[in-house]
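Engineer: Before we start, here is the structure in question, set down as structure tokens.
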Amino acid sequence: MAARDPQQMIQQMQQMLQPWEAAIADPAKAQEAALRRFLGGYAQTAYGREHGAASVASLADYRRAFPVMTYESYEPLIQRVMAGEVDLLLTEPPVGWAITRGTTKGTSKFIPMTASDLQMRVSAGRAMLHYVLDTKRFDLFAGVNLNLNFPSRVGTVRVGEREVEYGYSSGIYTRHVSERTPIRSSPTQQEIDALGGGKTARDWEARFELAYEKCKDQNVTLVGGVAPTASRFGRYLKRAHGVYPKDLWKTQIMTLGSVPSINTSLAPGLRALYGQAAQIREIYGATEGMFGQQRDEKRAWVPNYDLYLFEVESGGELKMLHEMHPGEMGSLVVSTPILARYKIGDLILACQPPYFRCIGRDEWWTPLWYGWKELLSLNLGRL
């Protein structure tokens with residue numbers, strides 16, 4: 001994206017988005033290709049060989065051979081990988097160990113991240129590229145991305161006789177792929193990591209102060225990271241320095257993820273902090289992968305059908321994500337290069353094709369809570 005000729009930049013961005021657009025146009029074909037790719041990798045692992053990955057010839061075979069697994073099911077296998085049995089689940093060494101923030105049952109999950117896995121996570125940039133193509137705002141690349149991601153190095157955990165370093169997936173992603181993105185991030189992930197991996201209010205104030213000092217005199221055109229963190233940073237600036245982000249920068253776009261209802265119930269507060277002109281583009285990702293992102297002004301995300309395999313448990317049956325009908329809800333089962341048929345624990349709502357929303361965790365009360373928030377925000381299901 002170093003080119004400055006607008007036409008050349010448009011062509012480059014279109015080439016980068018083409019696999020995604022082709023998969024959206026024909027999700028069944030894209031999902032079949034993803035399955036074949038994953039099976040080739042699974043056949044190289046002990047877990048895949050145990051389940052006969054090399055002899056799987058169809059989606060029906062895949063479902064018969066590989067069970068749906070939760071994190072609790074995978075955890076003993078992941079612990080063995082951490083202890084040194086890398087080829088149990090992986091075809092290459094991990095470049096880092098990602099942890100969740102402990103929002104699921106109050107405990108953190110540990111997920112290995114590989115070089116191939118990180119390349120897939122670059123897909124989050126598709127939301128930003130689509131925005132630039134739609135608006136022709138090439139001046140976005142003349143600014144910087146306000147980096148509000150979590151630390152990529154938090155600490156170590158003892159597994160057997162070894163100490164294993166771990167961090168948050170967003171930070172690991174930023175640290176490893178920042179040189180492949182078309183816009184510079186500030187502060188750098190290394191600068192964030194240098195402050196340590198603490199989670200107290202004081203720790204976060206130190207990170208926010210670093211972001212303020214590094215970016216206060218820069219042209220921040222993009223804000224990326226976790227939506228609640230972006231809100232907390234905006235309130236911190238007002239409390240500590242008497243200014244809002246909108247007083248310092250003309251932010252064009254915020255690519256945010258991690259929680260449901262970013263485009264509806266959280267949007268008014270975010271725009272009050274960062275400016276009414278700031279566009280919101282939602283990223284649907286997790287510690288396990290980057291599964292979709294917002295394509296346009298419709299307030300929902302579109303799956304990365306070319307990168308992952310998506311199934312859902314809905315109404316007592318299993319189907320492909322792209323087979324869902326508008327208004328239908330289901331519990332997501334995703335296959336990644338590392339985890340086969342992983343029930344991630346998120347409840348997905350199908351909107352007008354090809355749009356979806358994650359409305360929360362897979363709990364009985366989630367649809368009620370989502371409906372209440374839709375009512376409060378006067379969104380009422382609108383895209």
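Labels for the structure tokens follow display order: chains A, B, ..., residues from 1 in each chain, ligands from 1.
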Counting only C-alpha atoms, what is within 10 Å of range 79-96 of chain A, bar same-chain residues fewer than 3 positions away, as a compact mmCIF listing (two decimals) with N, CA and C atoms, in the first residue's frame?
Structural biologist:
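Output (result_4.txt):
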# COMPACT_ATOMS: atom_id res chain seq x y z
N GLY A 41 -4.22 -30.04 6.73
CA GLY A 41 -3.43 -29.73 7.92
C GLY A 41 -3.69 -30.67 9.06
N TYR A 42 -4.97 -30.98 9.31
CA TYR A 42 -5.30 -31.88 10.41
C TYR A 42 -4.64 -33.25 10.22
N ALA A 43 -4.50 -33.69 8.96
CA ALA A 43 -3.90 -35.00 8.69
C ALA A 43 -2.44 -35.07 9.12
N GLN A 44 -1.84 -33.91 9.34
CA GLN A 44 -0.44 -33.86 9.77
C GLN A 44 -0.31 -33.81 11.29
N THR A 45 -1.42 -33.80 12.01
CA THR A 45 -1.39 -33.74 13.47
C THR A 45 -1.84 -35.07 14.05
N ALA A 46 -1.43 -35.32 15.28
CA ALA A 46 -1.82 -36.57 15.94
C ALA A 46 -3.32 -36.62 16.16
N TYR A 47 -3.92 -35.49 16.53
CA TYR A 47 -5.36 -35.46 16.74
C TYR A 47 -6.10 -35.74 15.43
N GLY A 48 -5.63 -35.14 14.34
CA GLY A 48 -6.27 -35.37 13.05
C GLY A 48 -6.12 -36.80 12.57
N ARG A 49 -4.95 -37.38 12.79
CA ARG A 49 -4.76 -38.77 12.38
C ARG A 49 -5.66 -39.70 13.20
N GLU A 50 -5.81 -39.39 14.48
CA GLU A 50 -6.67 -40.20 15.34
C GLU A 50 -8.11 -40.22 14.83
N TYR A 74 -11.12 -29.46 24.69
CA TYR A 74 -9.80 -29.28 24.09
C TYR A 74 -8.70 -29.02 25.12
N GLU A 75 -9.08 -28.54 26.29
CA GLU A 75 -8.07 -28.08 27.26
C GLU A 75 -7.01 -29.12 27.57
N PRO A 76 -7.34 -30.40 27.81
CA PRO A 76 -6.28 -31.38 28.08
C PRO A 76 -5.29 -31.51 26.91
N ILE A 99 -4.26 -15.53 25.56
CA ILE A 99 -5.22 -15.77 26.63
C ILE A 99 -6.44 -14.89 26.42
N PHE A 110 -6.34 -20.56 27.19
CA PHE A 110 -5.05 -20.46 26.53
C PHE A 110 -5.19 -21.07 25.13
N ILE A 111 -4.80 -20.30 24.10
CA ILE A 111 -4.89 -20.74 22.72
C ILE A 111 -3.55 -20.48 22.02
N PRO A 112 -2.97 -21.49 21.36
CA PRO A 112 -1.72 -21.24 20.63
C PRO A 112 -1.98 -20.44 19.36
N MET A 113 -1.04 -19.59 18.98
CA MET A 113 -1.11 -18.83 17.73
C MET A 113 0.13 -19.16 16.91
N THR A 114 -0.08 -19.51 15.64
CA THR A 114 1.01 -19.86 14.75
C THR A 114 1.19 -18.79 13.68
N ALA A 115 2.26 -18.90 12.90
CA ALA A 115 2.51 -17.93 11.84
C ALA A 115 1.39 -17.94 10.81
N SER A 116 0.92 -19.13 10.43
CA SER A 116 -0.18 -19.23 9.46
C SER A 116 -1.47 -18.63 10.04
N ASP A 117 -1.69 -18.88 11.31
CA ASP A 117 -2.87 -18.34 12.00
C ASP A 117 -2.84 -16.82 11.99
N LEU A 118 -1.66 -16.23 12.24
CA LEU A 118 -1.54 -14.78 12.25
C LEU A 118 -1.83 -14.18 10.88
N SER A 152 0.82 -7.86 24.52
CA SER A 152 1.10 -9.16 23.91
C SER A 152 1.94 -10.04 24.82
N ARG A 153 2.52 -9.45 25.85
CA ARG A 153 3.28 -10.21 26.84
C ARG A 153 2.74 -9.86 28.22
N VAL A 157 3.20 -18.97 32.55
CA VAL A 157 2.45 -19.96 33.30
C VAL A 157 3.29 -21.24 33.33
N ARG A 158 3.33 -21.89 34.46
CA ARG A 158 4.13 -23.10 34.60
C ARG A 158 3.32 -24.30 34.14
N VAL A 159 3.85 -25.00 33.15
CA VAL A 159 3.24 -26.22 32.63
C VAL A 159 4.33 -27.30 32.66
N GLY A 160 4.16 -28.28 33.52
CA GLY A 160 5.22 -29.27 33.69
C GLY A 160 6.45 -28.61 34.29
N GLU A 161 7.56 -28.75 33.60
CA GLU A 161 8.82 -28.16 34.07
C GLU A 161 9.15 -26.86 33.36
N ARG A 162 8.22 -26.33 32.55
CA ARG A 162 8.55 -25.17 31.73
C ARG A 162 7.70 -23.97 32.11
N GLU A 163 8.27 -22.79 31.88
CA GLU A 163 7.55 -21.53 32.00
C GLU A 163 7.18 -21.07 30.60
N VAL A 164 5.90 -20.90 30.34
CA VAL A 164 5.41 -20.54 29.01
C VAL A 164 4.93 -19.09 29.02
N GLU A 165 5.45 -18.28 28.09
CA GLU A 165 5.05 -16.89 27.99
C GLU A 165 3.69 -16.78 27.30
N TYR A 166 2.84 -15.89 27.79
CA TYR A 166 1.52 -15.71 27.19
C TYR A 166 1.14 -14.24 27.18
N GLY A 167 0.15 -13.92 26.35
CA GLY A 167 -0.35 -12.55 26.26
C GLY A 167 -1.72 -12.56 25.62
N TYR A 168 -2.23 -11.36 25.29
CA TYR A 168 -3.56 -11.25 24.69
C TYR A 168 -3.47 -11.31 23.18
N SER A 169 -4.45 -11.95 22.56
CA SER A 169 -4.38 -12.20 21.12
C SER A 169 -4.28 -10.91 20.31
N ILE A 172 -0.66 -9.76 20.48
CA ILE A 172 0.21 -10.66 19.72
C ILE A 172 0.03 -10.41 18.23
N TYR A 173 -1.22 -10.29 17.82
CA TYR A 173 -1.53 -10.01 16.41
C TYR A 173 -0.85 -8.71 15.97
N HIS A 176 3.05 -8.91 15.67
CA HIS A 176 3.61 -9.74 14.60
C HIS A 176 3.27 -9.26 13.20
N PRO A 337 -7.33 -23.48 11.66
CA PRO A 337 -6.18 -24.35 11.38
C PRO A 337 -5.75 -25.18 12.58
N ILE A 338 -6.14 -24.76 13.78
CA ILE A 338 -5.70 -25.42 15.01
C ILE A 338 -6.80 -26.24 15.65
N LEU A 339 -8.02 -25.73 15.62
CA LEU A 339 -9.14 -26.34 16.34
C LEU A 339 -10.21 -26.80 15.38
N ALA A 340 -10.47 -28.10 15.36
CA ALA A 340 -11.50 -28.66 14.50
C ALA A 340 -12.84 -28.68 15.23
Engineer: Which parts of range 191-301 of chain A does DSSP call strand (DSSP E) when run on the backbone here, written out as a list in words?
Structural biologist: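 So the strand (DSSP E) residues in range 191-301 of chain A would be Val220, Thr221, Leu222, Val223, Gly224, Gly225, Val226, Ile253, Met254, Thr255, Leu256, Gly257, Gln279, Ile280, Arg281, Glu282, Ile283, Tyr284, Gly285, Ala286, Gly289, Met290, Phe291, Gly292, Gln293, Gln294 and Trp301 of chain A.
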Engineer: Restricting the output to C-alpha atoms, write the selected residues as a PDB file, in the first residue's frame.
Structural biologist:
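What ended up in out_0.pdb:
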ATOM      1  CA  VAL A 220      -5.029   9.944  14.277  1.00  0.00           C
ATOM      2  CA  THR A 221      -7.279   8.804  11.473  1.00  0.00           C
ATOM      3  CA  LEU A 222      -8.022   5.284  12.739  1.00  0.00           C
ATOM      4  CA  VAL A 223      -8.806   3.832  16.169  1.00  0.00           C
ATOM      5  CA  GLY A 224      -8.491   0.066  16.510  1.00  0.00           C
ATOM      6  CA  GLY A 225      -8.984  -2.362  19.370  1.00  0.00           C
ATOM      7  CA  VAL A 226     -11.516  -3.359  21.999  1.00  0.00           C
ATOM      8  CA  ILE A 253     -12.999   5.276  11.326  1.00  0.00           C
ATOM      9  CA  MET A 254     -12.998   3.046  14.413  1.00  0.00           C
ATOM     10  CA  THR A 255     -12.482  -0.685  13.826  1.00  0.00           C
ATOM     11  CA  LEU A 256     -13.599  -2.185  17.114  1.00  0.00           C
ATOM     12  CA  GLY A 257     -14.504  -5.593  18.477  1.00  0.00           C
ATOM     13  CA  GLN A 279     -17.465   5.771  11.215  1.00  0.00           C
ATOM     14  CA  ILE A 280     -17.738   2.534  13.207  1.00  0.00           C
ATOM     15  CA  ARG A 281     -16.749  -0.763  11.617  1.00  0.00           C
ATOM     16  CA  GLU A 282     -17.282  -3.811  13.805  1.00  0.00           C
ATOM     17  CA  ILE A 283     -14.800  -6.683  13.921  1.00  0.00           C
ATOM     18  CA  TYR A 284     -16.043 -10.106  14.998  1.00  0.00           C
ATOM     19  CA  GLY A 285     -13.048 -11.943  16.363  1.00  0.00           C
ATOM     20  CA  ALA A 286     -11.982 -13.945  19.371  1.00  0.00           C
ATOM     21  CA  GLY A 289      -9.485 -16.351  15.259  1.00  0.00           C
ATOM     22  CA  MET A 290     -10.774 -13.379  13.245  1.00  0.00           C
ATOM     23  CA  PHE A 291     -14.105 -14.576  11.917  1.00  0.00           C
ATOM     24  CA  GLY A 292     -15.749 -11.592  10.241  1.00  0.00           C
ATOM     25  CA  GLN A 293     -15.856  -7.835   9.882  1.00  0.00           C
ATOM     26  CA  GLN A 294     -18.234  -5.106   8.827  1.00  0.00           C
ATOM     27  CA  TRP A 301     -20.465  -8.190  10.045  1.00  0.00           C
TER      28      TRP A 301
END
Engineer: Applying 12 Å and only C-alpha atoms, which residues near Gly316 in chain A remain after dropping the ones on its own chain fewer than 2 positions away? List them as a PyMOL selection string.
Structural biologist: chain A and resi 312-314+318-319+329-331
Engineer: Just the number, please: distance in Å from CA of Lys238 in chain A to CA of Pro151 in chain A, one decimal.
Structural biologist: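 Result for CA of Lys238 in chain A versus CA of Pro151 in chain A: 23.5 Å, one decimal.
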Engineer: Set the distance at 7 Å and use only C-alpha atoms: which residues neighbour Asp346 in chain A once local chain neighbours fewer than 3 positions away are removed? I'd like the list as a VMD selection string.
Structural biologist: chain A and resid 331 to 332 358 360 to 362
Engineer: Give one line per residue of range 200-241 of chain A that approaches range 188-194 of chain A to at most 10 Å, naming the two atoms of the closest pair and their distance in Å to one decimal, counting only C-alpha atoms; sort by chain then ascending residue number and deliver it as CSV.
Structural biologist:
residue,atom,partner,partner_atom,distance
A:Ala206,CA,A:Ile192,CA,9.3
A:Arg207,CA,A:Ile192,CA,6.5
A:Phe208,CA,A:Ile192,CA,9.6
A:Leu210,CA,A:Ile192,CA,7.8
A:Ala211,CA,A:Ile192,CA,8.7
A:Lys214,CA,A:Thr188,CA,9.3
Engineer: Restricting the output to C-alpha atoms, write the selected residues as a PDB file, in the first residue's frame.
Structural biologist:
ATOM      1  CA  ALA A 206      -0.343   4.112  32.387  1.00  0.00           C
ATOM      2  CA  ARG A 207      -1.226   2.646  28.971  1.00  0.00           C
ATOM      3  CA  PHE A 208      -3.700   5.449  28.280  1.00  0.00           C
ATOM      4  CA  LEU A 210       1.389   6.454  26.897  1.00  0.00           C
ATOM      5  CA  ALA A 211      -1.173   6.554  24.065  1.00  0.00           C
ATOM      6  CA  LYS A 214       2.572   9.330  21.679  1.00  0.00           C
TER       7      LYS A 214
END
Engineer: Which value, in Å to one decimal, gives the distance between CA of Tyr62 in chain A and CA of Leu17 in chain A?
Structural biologist: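 These atoms are spaced 28.9 Å apart.
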Engineer: Nearest to Leu140 in chain A: which of A:Leu321, A:Ala30, A:Met128, A:Ala57 is it, counting only C-alpha atoms?
Structural biologist: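 Closest residue, counting only C-alpha atoms: A:Met128.
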Engineer: Restricting the calculation to only C-alpha atoms, which member of A:Asp139, A:Glu374, A:Asp217, A:Glu209 is positioned closest to Trp249 in chain A?
Structural biologist: A:Asp217
Engineer: Which residues come within 9 Å of Leu35 in chain A, counting only C-alpha atoms, excluding same-chain residues fewer than 5 positions away, as number ranges by chain?
Structural biologist: A: 30, 40, 58-59, 62, 308-309, 335
Engineer: Okay, now the selection with C-alpha atoms, as a CSV table (one decimal), in the first residue's frame?
Structural biologist:
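Listing of again30.csv after writing:
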chain,number,residue,atom,x,y,z
A,30,ALA,CA,-15.7,-21.3,-0.3
A,40,GLY,CA,-4.8,-31.4,4.8
A,58,SER,CA,-17.2,-34.8,2.5
A,59,LEU,CA,-18.7,-32.5,5.1
A,62,TYR,CA,-16.1,-34.7,8.6
A,308,TYR,CA,-12.7,-20.5,8.3
A,309,LEU,CA,-15.4,-23.2,8.3
A,335,SER,CA,-13.1,-24.8,12.4
Engineer: From the set A:Pro268, A:Gly143, A:Phe356, A:Lys246, which residue has the shortest atom-to-atom contact distance to Ala300 in chain A, counting only C-alpha atoms?
Structural biologist: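 So, comparing all the options, the nearest one is A:Phe356.
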Engineer: Could you tell me how far CA of Ala267 in chain A lies from CA of Ala230 in chain A, in Å and to one decimal?
Structural biologist: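 We find that CA of Ala267 in chain A and CA of Ala230 in chain A lie 11.3 Å from each other.
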